[in-house]
file query_4.cif (mmCIF, C-alpha atoms)
data_target
loop_
_atom_site.label_atom_id
_atom_site.label_comp_id
_atom_site.auth_asym_id
_atom_site.auth_seq_id
_atom_site.Cartn_x
_atom_site.Cartn_y
_atom_site.Cartn_z
CA MET H 319 31.78 30.18 45.28
CA ALA H 320 34.37 27.78 46.69
CA GLU H 321 38.04 28.29 45.91
CA GLN H 322 39.01 26.34 42.84
CA THR H 323 42.15 24.25 42.56
CA ALA H 324 44.27 24.41 39.39
CA GLY H 325 42.98 20.98 38.38
CA LEU H 326 39.36 21.99 38.81
CA GLN H 327 39.89 25.24 36.89
CA SER H 328 41.43 23.34 33.98
CA PHE H 329 38.66 20.79 34.09
CA ILE H 330 35.97 23.49 33.97
CA GLU H 331 37.79 25.04 31.00
CA LEU H 332 37.89 21.63 29.32
CA ILE H 333 34.17 21.03 29.83
CA GLU H 334 33.36 24.55 28.59
CA THR H 335 35.48 24.05 25.46
CA ILE H 336 33.58 20.87 24.61
CA ALA H 337 30.24 22.54 25.42
CA ASP H 338 31.11 25.56 23.24
CA ASN H 339 32.01 23.37 20.29
CA LYS H 340 28.82 21.36 20.66
CA TYR H 341 26.75 24.54 21.02
CA VAL H 342 28.18 26.00 17.80
CA MET H 343 27.99 22.65 15.99
CA GLY H 344 24.30 22.45 16.87
CA ASP H 345 23.78 25.91 15.43
CA ARG H 346 25.74 25.16 12.23
CA LEU H 347 24.01 21.80 11.76
CA VAL H 348 20.69 23.64 11.60
CA GLU H 349 21.90 26.55 9.47
CA VAL H 350 23.90 24.55 6.93
CA GLY H 351 22.54 21.04 7.45
CA VAL H 352 19.05 22.11 6.43
CA SER H 353 20.33 22.47 2.86
CA GLY H 354 22.05 19.08 2.84
CA PRO H 355 22.49 17.11 -0.38
CA ASN H 356 19.51 14.80 0.23
CA LEU H 357 16.47 14.45 2.47
CA GLU H 358 17.89 11.74 4.76
CA ALA H 359 21.16 13.60 5.32
CA THR H 360 19.20 16.78 6.11
CA LEU H 361 16.84 15.05 8.55
CA ALA H 362 19.79 13.42 10.30
CA ALA H 363 21.63 16.78 10.47
CA ILE H 364 18.66 18.45 12.16
CA ALA H 365 18.25 15.55 14.60
CA MET H 366 21.98 15.69 15.39
CA ALA H 367 21.70 19.44 15.96
CA GLN H 368 19.18 18.76 18.71
CA GLY H 369 21.56 16.16 20.12
CA GLU H 370 24.56 18.51 20.07
CA LEU H 371 22.59 21.33 21.71
CA GLY H 372 21.36 18.92 24.38
CA HIS H 373 24.93 17.76 25.03
CA ALA H 374 26.07 21.39 25.24
CA ARG H 375 23.38 22.19 27.81
CA LEU H 376 24.32 19.14 29.89
CA LEU H 377 28.01 20.12 29.85
CA TYR H 378 27.34 23.80 30.63
CA ASN H 379 25.19 22.71 33.59
CA TRP H 380 28.00 20.43 34.74
CA SER H 381 30.44 23.37 34.60
CA PHE H 382 27.97 25.50 36.62
CA ASP H 383 27.80 22.73 39.24
CA LEU H 384 31.60 22.55 39.35
CA LYS H 385 31.72 26.33 39.85
CA GLU H 386 29.14 25.84 42.64
CA LEU H 387 26.87 28.51 41.22
CA LYS H 388 23.72 28.84 43.27
CA LYS H 389 21.64 30.02 40.32
CA LYS H 390 22.38 28.55 36.92
CA PRO H 391 22.62 31.33 34.31
CA ASP H 392 20.78 31.17 30.99
CA ILE H 393 22.96 29.98 28.13
CA GLU H 394 22.75 32.66 25.49
CA SER H 395 26.04 32.21 23.68
CA GLN H 396 29.24 30.21 23.76
CA THR H 397 32.04 31.27 26.11
CA GLY H 398 34.48 31.88 23.23
CA LYS H 399 36.34 28.58 23.23
CA ALA H 400 34.81 26.96 20.13
CA PHE H 401 37.21 26.12 17.29
CA PRO H 402 37.22 28.89 14.63
CA ALA H 403 36.79 26.22 11.92
CA ILE H 404 33.38 25.34 13.41
CA VAL H 405 32.32 28.93 14.00
CA ASN H 406 33.07 29.77 10.36
CA VAL H 407 31.23 26.81 8.80
CA ASN H 408 29.08 28.09 5.93
CA ASN H 409 28.77 25.13 3.55
CA TRP H 410 28.21 21.39 3.57
CA ILE H 411 31.86 20.49 2.93
CA ALA H 412 33.16 22.62 5.81
CA LEU H 413 30.34 21.33 8.03
CA ILE H 414 31.30 17.67 7.54
CA ALA H 415 35.03 18.39 7.92
CA SER H 416 34.54 20.35 11.15
CA LEU H 417 31.97 17.95 12.53
CA TYR H 418 34.25 14.97 11.94
CA ALA H 419 37.47 16.49 13.33
CA ALA H 420 35.75 18.01 16.37
CA ASN H 421 33.73 14.90 17.19
CA VAL H 422 36.78 12.62 16.98
CA ALA H 423 38.75 14.94 19.30
CA ILE H 424 35.86 15.44 21.75
CA ASP H 425 35.15 11.71 21.85
CA LEU H 426 38.78 10.98 22.77
CA VAL H 427 38.76 13.55 25.57
CA LEU H 428 35.40 12.46 26.98
CA ARG H 429 36.54 8.83 26.98
CA ALA H 430 39.67 9.93 28.86
CA VAL H 431 37.40 11.65 31.42
CA LEU H 432 35.31 8.48 31.68
CA ASP H 433 38.45 6.34 32.08
CA SER H 434 39.56 8.48 35.03
CA GLY H 435 37.05 6.52 37.09
CA GLN H 436 35.18 9.51 38.56
CA SER H 437 31.73 8.18 39.38
CA LYS H 438 30.12 11.59 38.81
CA ALA H 439 31.63 11.79 35.32
CA ALA H 440 30.25 8.41 34.31
CA SER H 441 26.69 9.34 35.26
CA ARG H 442 26.92 12.59 33.32
CA ILE H 443 28.63 11.57 30.11
CA GLN H 444 28.07 7.86 29.46
CA LYS H 445 24.80 8.50 27.56
CA LEU H 446 26.36 11.47 25.77
CA ILE H 447 29.24 9.30 24.51
CA ASN H 448 26.81 6.64 23.26
CA GLU H 449 24.73 9.22 21.39
CA GLN H 450 27.83 10.88 19.99
CA ASN H 451 28.83 7.62 18.33
CA GLU H 452 26.08 8.09 15.72
CA HIS H 453 27.37 11.60 14.98
CA LEU H 454 30.82 10.11 14.44
CA ILE H 455 29.53 7.42 12.07
CA TYR H 456 27.55 10.03 10.13
CA SER H 457 30.42 12.48 9.75
CA GLU H 458 32.98 9.76 8.95
CA ASN H 459 30.79 8.23 6.24
CA TRP H 460 30.11 11.63 4.71
CA ALA H 461 33.82 12.48 4.90
CA ARG H 462 34.63 9.32 2.93
CA GLN H 463 32.01 10.19 0.33
CA LEU H 464 33.29 13.72 -0.14
CA LEU H 465 36.86 12.42 -0.45
CA ASN H 466 35.77 10.03 -3.19
CA ASP H 467 33.56 12.50 -5.01
CA LYS H 468 34.33 14.11 -8.36
CA GLY H 469 35.56 17.51 -9.49
CA ALA H 470 36.74 20.05 -6.95
CA ILE H 471 34.90 18.46 -4.01
CA PRO H 472 37.72 16.19 -2.71
CA SER H 473 40.33 18.98 -2.73
CA LYS H 474 37.92 21.45 -1.11
CA PHE H 475 37.11 18.87 1.53
CA LYS H 476 40.80 18.13 2.19
CA GLU H 477 41.41 21.84 2.63
CA ALA H 478 38.53 22.19 5.12
CA LEU H 479 39.55 19.01 6.94
CA SER H 480 43.14 20.16 7.20
CA GLU H 481 42.08 23.37 8.94
CA ALA H 482 39.67 21.58 11.29
CA VAL H 483 42.22 18.85 12.10
CA SER H 484 44.99 21.32 12.92
CA GLN H 485 42.74 23.21 15.36
CA ALA H 486 41.52 20.02 17.03
CA GLU H 487 45.10 18.75 17.27
CA ALA H 488 46.28 21.99 18.87
CA TRP H 489 43.52 21.65 21.48
CA LEU H 490 44.44 18.02 22.22
CA LYS H 491 48.09 19.06 22.63
CA TYR H 492 46.97 21.76 25.08
CA VAL H 493 44.87 19.22 27.03
CA GLU H 494 47.85 16.83 27.23
CA GLN H 495 49.99 19.64 28.59
CA GLN H 496 47.51 20.37 31.40
CA THR H 497 49.17 17.88 33.76
CA GLU H 498 47.05 19.08 36.69
CA LEU H 499 44.02 17.45 35.05
CA ALA H 500 45.49 13.96 35.39
CA GLU H 501 47.08 14.73 38.75
CA ALA H 502 43.71 15.77 40.18
CA GLY H 503 42.10 12.65 38.69
CA TYR H 504 39.84 14.44 36.22
CA ILE H 505 41.20 12.57 33.19
CA ALA H 506 43.09 9.30 32.80
CA LYS H 507 46.86 9.41 33.21
CA ASN H 508 49.53 8.88 30.51
CA LEU H 509 47.31 9.95 27.66
CA SER H 510 48.42 10.14 24.06
CA LEU H 511 45.42 12.02 22.72
CA GLN H 512 47.27 13.51 19.74
CA GLN H 513 48.55 10.11 18.68
CA ALA H 514 45.12 8.52 18.98
CA PHE H 515 43.59 11.43 17.03
CA LYS H 516 46.14 11.14 14.23
CA SER H 517 45.64 7.41 13.85
CA GLN H 518 41.87 7.85 13.70
CA ILE H 519 42.11 10.61 11.08
CA ASP H 520 44.60 8.46 9.11
CA GLN H 521 41.90 5.82 8.75
CA LEU H 522 40.20 8.15 6.28
CA ASN H 523 43.16 7.56 3.95
CA VAL H 524 43.51 11.22 3.15
CA GLN H 525 46.61 11.18 0.95
CA THR H 526 47.76 14.70 1.62
CA LEU H 527 46.03 17.24 3.77
CA VAL H 528 46.30 20.62 2.07
CA SER H 529 48.26 23.11 4.12
CA THR H 530 46.19 26.16 4.91
CA LYS H 531 49.13 28.24 6.03
CA MET R 587 27.58 15.28 -4.82
CA ILE R 588 25.57 14.15 -7.84
CA GLU R 589 28.04 11.28 -8.12
CA GLN R 590 27.09 10.10 -4.63
CA LEU R 591 23.35 10.42 -5.20
CA GLU R 592 23.66 7.93 -8.05
CA LYS R 593 25.22 5.39 -5.68
CA ARG R 594 22.37 5.42 -3.15
CA THR R 595 20.56 2.17 -2.50
CA THR R 596 17.25 1.43 -0.83
CA PHE R 597 17.18 -0.17 2.62
CA ASP R 598 14.03 -1.58 4.22
CA VAL R 599 13.57 -0.67 7.89
CA PHE R 600 12.20 -3.19 10.38
CA THR R 601 11.39 -2.54 14.03
CA ARG R 602 9.97 -4.20 17.13
CA ILE R 603 8.21 -1.93 19.64
CA LYS R 604 8.43 -4.21 22.70
CA ARG R 605 10.04 -7.55 23.43
CA GLY R 606 7.79 -10.31 22.11
CA ASP R 607 6.11 -8.07 19.52
CA ASN R 608 6.30 -8.82 15.82
CA LEU R 609 9.14 -7.41 13.80
CA VAL R 610 7.33 -4.95 11.53
CA HIS R 611 8.34 -3.33 8.26
CA ILE R 612 7.89 0.40 8.91
CA GLY R 613 9.42 2.03 5.87
CA THR R 614 12.46 2.54 3.71
CA ILE R 615 15.60 4.64 3.66
CA ASP R 616 17.82 5.58 0.73
CA ALA R 617 21.45 5.72 1.80
CA GLU R 618 24.94 5.63 0.41
CA THR R 619 26.29 3.01 2.87
CA ALA R 620 24.84 0.52 5.35
CA GLU R 621 26.35 2.53 8.22
CA LEU R 622 24.61 5.70 7.04
CA ALA R 623 21.38 3.75 6.53
CA LYS R 624 21.44 2.77 10.21
CA VAL R 625 21.97 6.38 11.31
CA TYR R 626 19.31 7.72 8.91
CA ALA R 627 16.81 5.08 10.06
CA ALA R 628 17.41 5.85 13.74
CA TYR R 629 16.85 9.58 13.18
CA THR R 630 13.98 9.31 10.67
CA TYR R 631 11.87 6.67 12.42
CA ASP R 632 12.20 7.93 16.00
CA GLU R 633 8.46 8.05 16.79
CA GLU R 634 8.75 5.08 19.18
CA ASP R 635 11.32 3.86 21.68
CA TRP R 636 11.96 0.71 19.62
CA VAL R 637 13.46 -2.29 21.38
CA GLU R 638 14.88 -3.44 18.03
CA MET R 639 15.54 -1.79 14.69
CA CYS R 640 17.35 -3.15 11.66
CA VAL R 641 17.91 -2.16 8.05
CA VAL R 642 18.14 -4.61 5.15
CA GLU R 643 19.44 -3.68 1.73
CA ARG R 644 16.54 -4.20 -0.69
CA ASN R 645 18.60 -6.28 -3.11
CA GLN R 646 19.56 -8.68 -0.29
CA LEU R 647 15.97 -9.86 0.09
CA ASN R 648 15.36 -13.32 -1.37
CA TRP R 649 11.80 -13.23 -2.57
CA VAL R 650 9.72 -16.40 -2.36
CA LYS R 651 6.60 -14.86 -3.81
CA LYS R 652 5.94 -11.43 -5.25
CA PRO R 653 2.70 -9.93 -6.52
CA LYS R 654 2.55 -9.06 -10.17
CA GLY R 655 2.05 -5.41 -11.01
CA LEU R 656 -1.60 -4.46 -11.54
CA PHE R 657 -0.89 -3.35 -15.07
CA ALA R 658 1.87 -5.86 -15.82
CA GLY R 659 0.06 -7.10 -18.91
CA LYS R 660 0.04 -3.60 -20.38
CA GLY R 661 3.78 -3.28 -20.00
CA ALA R 662 3.58 -0.98 -16.95
#
call {"tool": "encode", "arguments": {"input": "query_4.cif", "output": "C-alpha cells"}}
result
Amino acid sequence: MAEQTAGLQSFIELIETIADNKYVMGDRLVEVGVSGPNLEATLAAIAMAQGELGHARLLYNWSFDLKELKKKPDIESQTGKAFPAIVNVNNWIALIASLYAANVAIDLVLRAVLDSGQSKAASRIQKLINEQNEHLIYSENWARQLLNDKGAIPSKFKEALSEAVSQAEAWLKYVEQQTELAEAGYIAKNLSLQQAFKSQIDQLNVQTLVSTK
Amino acid sequence: MIEQLEKRTTFDVFTRIKRGDNLVHIGTIDAETAELAKVYAAYTYDEEDWVEMCVVERNQLNWVKKPKGLFAGKGA
C-alpha cells in the first residue's frame, strides 16, 4: 500500500463516512420501510434501499481503490462512522428524519467533491448524485407531511429531526475543519457546508426543533 | 398518518418506451403530492428503461367523451 498523504487519509475517511451512512440507511429502509404507511411509500422505500446499498458499495470500492488494495475485501458491515441517529432508526418517523438530514448533508458534501474538478470523482459520483435526488425529494415530502400531521406525530418528528440534524451538522463542521481536503483538491475550496445545510433544513419551516439534550 | 392518507389523490402514469413510440397509459399511482407521485411512479413502474414518463393528476384531465358505467341505469 502506498504512503497516504493527510489529504488522502481525510478523503478516504470522508468517503467511508458517506458509505457507512448509506449502508445503514439501506438496511433501515428495508427493516422499517417495509412497514410504511401505504403501499407506494413502502415500494419506494425498498427501491431506495437498493439504491443506497448500491451507492455504499460504489463508495466502499472507491475507498479501496484509494487505499490501493490489491484485493477488495467483502463488505460485511459498516466501518463505524455512520450517524447514531441512523443506526438507531426503529420507526417510520425516525427513518424519515434521519433519511432527510443525512441525505441533505451527504448531497452537499458530494457536490463539493464534484465541484473540486477531479475528473475521477465526476465519473464515480455524477450518477449517484442524480439518483440521490429522488431520495431527497421523497424524504423532504414525507418530512413535510409528518410536520403537518395531527396528534403527537409533528412533535415526535421534530424531536427525531433535531437529533439527526445535530449529528449531520457536527459532521459537516468536522469536514469544514479538515483543511487538507481542500488543499489537496479533494473538495472545493471556501465551503460553507454548515450554512448551506441550515438554509436547506430551514426550508422545511420547522418552527422549533426540540432539544434532545 | 391517517390524516395524510385522506389527502391522497390519484395520478395517471404515462410512458414512452423509445423515441417515436406512442405515449402509453401504463397505470396509476396514489400520492400525497405531485413530487411524491413522480418518485412513486419511477420506482413502481421500473420494468422498462422509459425514454419518457409523466404523471397527471386525475382531476386535471378534461374529458371529451367518457363511457357510461355498464350498470349506470341501475344506479351502480
call {"tool": "resolve_selection", "arguments": {"input": "query_4.cif", "expression": "the PyMOL selection byres ((chain H and resi 381) around 10)", "output": "short mmCIF file (atom, residue, chain, number, x, y, z; two decimals) with C-alpha atoms, in the frame of the given file"}}
result
data_model
loop_
_atom_site.label_atom_id
_atom_site.label_comp_id
_atom_site.auth_asym_id
_atom_site.auth_seq_id
_atom_site.Cartn_x
_atom_site.Cartn_y
_atom_site.Cartn_z
CA LEU H 326 39.36 21.99 38.81
CA GLN H 327 39.89 25.24 36.89
CA PHE H 329 38.66 20.79 34.09
CA ILE H 330 35.97 23.49 33.97
CA GLU H 331 37.79 25.04 31.00
CA LEU H 332 37.89 21.63 29.32
CA ILE H 333 34.17 21.03 29.83
CA GLU H 334 33.36 24.55 28.59
CA ALA H 337 30.24 22.54 25.42
CA ARG H 375 23.38 22.19 27.81
CA LEU H 376 24.32 19.14 29.89
CA LEU H 377 28.01 20.12 29.85
CA TYR H 378 27.34 23.80 30.63
CA ASN H 379 25.19 22.71 33.59
CA TRP H 380 28.00 20.43 34.74
CA PHE H 382 27.97 25.50 36.62
CA ASP H 383 27.80 22.73 39.24
CA LEU H 384 31.60 22.55 39.35
CA LYS H 385 31.72 26.33 39.85
CA GLU H 386 29.14 25.84 42.64
CA LEU H 387 26.87 28.51 41.22
CA LYS H 390 22.38 28.55 36.92
#
call {"tool": "residues_around", "arguments": {"input": "query_4.cif", "residues": "Glu638 (chain R)", "least_positions_apart": "4", "cutoff": "12 Å", "atoms": "only C-alpha atoms", "output": "mmCIF file with C-alpha atoms, keeping the file's coordinate frame"}}
result
data_model
loop_
_atom_site.group_PDB
_atom_site.id
_atom_site.type_symbol
_atom_site.label_atom_id
_atom_site.label_comp_id
_atom_site.auth_asym_id
_atom_site.auth_seq_id
_atom_site.Cartn_x
_atom_site.Cartn_y
_atom_site.Cartn_z
ATOM 1 C CA VAL R 599 13.570 -0.670 7.890
ATOM 2 C CA PHE R 600 12.200 -3.190 10.380
ATOM 3 C CA THR R 601 11.390 -2.540 14.030
ATOM 4 C CA ARG R 602 9.970 -4.200 17.130
ATOM 5 C CA ILE R 603 8.210 -1.930 19.640
ATOM 6 C CA LYS R 604 8.430 -4.210 22.700
ATOM 7 C CA ARG R 605 10.040 -7.550 23.430
ATOM 8 C CA GLY R 606 7.790 -10.310 22.110
ATOM 9 C CA ASP R 607 6.110 -8.070 19.520
ATOM 10 C CA ASN R 608 6.300 -8.820 15.820
ATOM 11 C CA LEU R 609 9.140 -7.410 13.800
ATOM 12 C CA VAL R 610 7.330 -4.950 11.530
ATOM 13 C CA HIS R 611 8.340 -3.330 8.260
ATOM 14 C CA LYS R 624 21.440 2.770 10.210
ATOM 15 C CA ALA R 627 16.810 5.080 10.060
ATOM 16 C CA ALA R 628 17.410 5.850 13.740
ATOM 17 C CA TYR R 631 11.870 6.670 12.420
ATOM 18 C CA ASP R 632 12.200 7.930 16.000
ATOM 19 C CA GLU R 634 8.750 5.080 19.180
#
call {"tool": "atom_distance", "arguments": {"input": "query_4.cif", "atom1": "CA of Asn339 (chain H)", "atom2": "CA of Asp433 (chain H)"}}
result
21.7 Å
call {"tool": "residues_near_point", "arguments": {"input": "query_4.cif", "point": "(28.2, 7.9, 29.7)", "cutoff": "12 Å", "atoms": "all atoms listed in the file", "output": "PyMOL selection string"}}
result
chain H and resi 373+376+425+428-433+435-451
call {"tool": "closest_residue", "arguments": {"input": "query_4.cif", "among": "R:Thr619, R:Thr614, R:Asn645, R:Thr595", "to": "chain H", "atoms": "all atoms listed in the file"}}
result
R:Thr619
call {"tool": "interface_residues", "arguments": {"input": "query_4.cif", "of": "chain H", "to": "chain R", "cutoff": "8 Å", "atoms": "all atoms listed in the file", "output": "ChimeraX atom specification"}}
result
/H:355-356,358-359,361-362,365,452,455-456,459,463-464,467-468
call {"tool": "write_last_selection", "arguments": {"input": "query_4.cif", "atoms": "C-alpha atoms", "output": "mmCIF file, in the frame of the given file"}}
result
data_model
loop_
_atom_site.group_PDB
_atom_site.id
_atom_site.type_symbol
_atom_site.label_atom_id
_atom_site.label_comp_id
_atom_site.auth_asym_id
_atom_site.auth_seq_id
_atom_site.Cartn_x
_atom_site.Cartn_y
_atom_site.Cartn_z
ATOM 1 C CA PRO H 355 22.490 17.110 -0.380
ATOM 2 C CA ASN H 356 19.510 14.800 0.230
ATOM 3 C CA GLU H 358 17.890 11.740 4.760
ATOM 4 C CA ALA H 359 21.160 13.600 5.320
ATOM 5 C CA LEU H 361 16.840 15.050 8.550
ATOM 6 C CA ALA H 362 19.790 13.420 10.300
ATOM 7 C CA ALA H 365 18.250 15.550 14.600
ATOM 8 C CA GLU H 452 26.080 8.090 15.720
ATOM 9 C CA ILE H 455 29.530 7.420 12.070
ATOM 10 C CA TYR H 456 27.550 10.030 10.130
ATOM 11 C CA ASN H 459 30.790 8.230 6.240
ATOM 12 C CA GLN H 463 32.010 10.190 0.330
ATOM 13 C CA LEU H 464 33.290 13.720 -0.140
ATOM 14 C CA ASP H 467 33.560 12.500 -5.010
ATOM 15 C CA LYS H 468 34.330 14.110 -8.360
#
call {"tool": "residues_near_point", "arguments": {"input": "query_4.cif", "point": "(16.9, -3.7, 3.1)", "cutoff": "7 Å", "atoms": "all atoms listed in the file", "output": "VMD selection string"}}
result
chain R and resid 596 to 599 641 to 647
call {"tool": "atom_distance", "arguments": {"input": "query_4.cif", "atom1": "CA of Ser416 (chain H)", "atom2": "CA of Ala482 (chain H)"}}
result
5.3 Å
call {"tool": "atom_distance", "arguments": {"input": "query_4.cif", "atom1": "CA of Val405 (chain H)", "atom2": "CA of Val352 (chain H)"}}
result
16.7 Å
call {"tool": "resolve_selection", "arguments": {"input": "query_4.cif", "expression": "the PyMOL selection byres ((chain H and resi 491) around 12)", "output": "list in words"}}
result
Ala423, Val427, Ser484, Gln485, Ala486, Glu487, Ala488, Trp489, Leu490, Tyr492, Val493, Glu494, Gln495, Gln496, Thr497, Leu509, Ser510, Leu511, Gln512, Gln513, Ala514, Phe515 and Lys516 of chain H
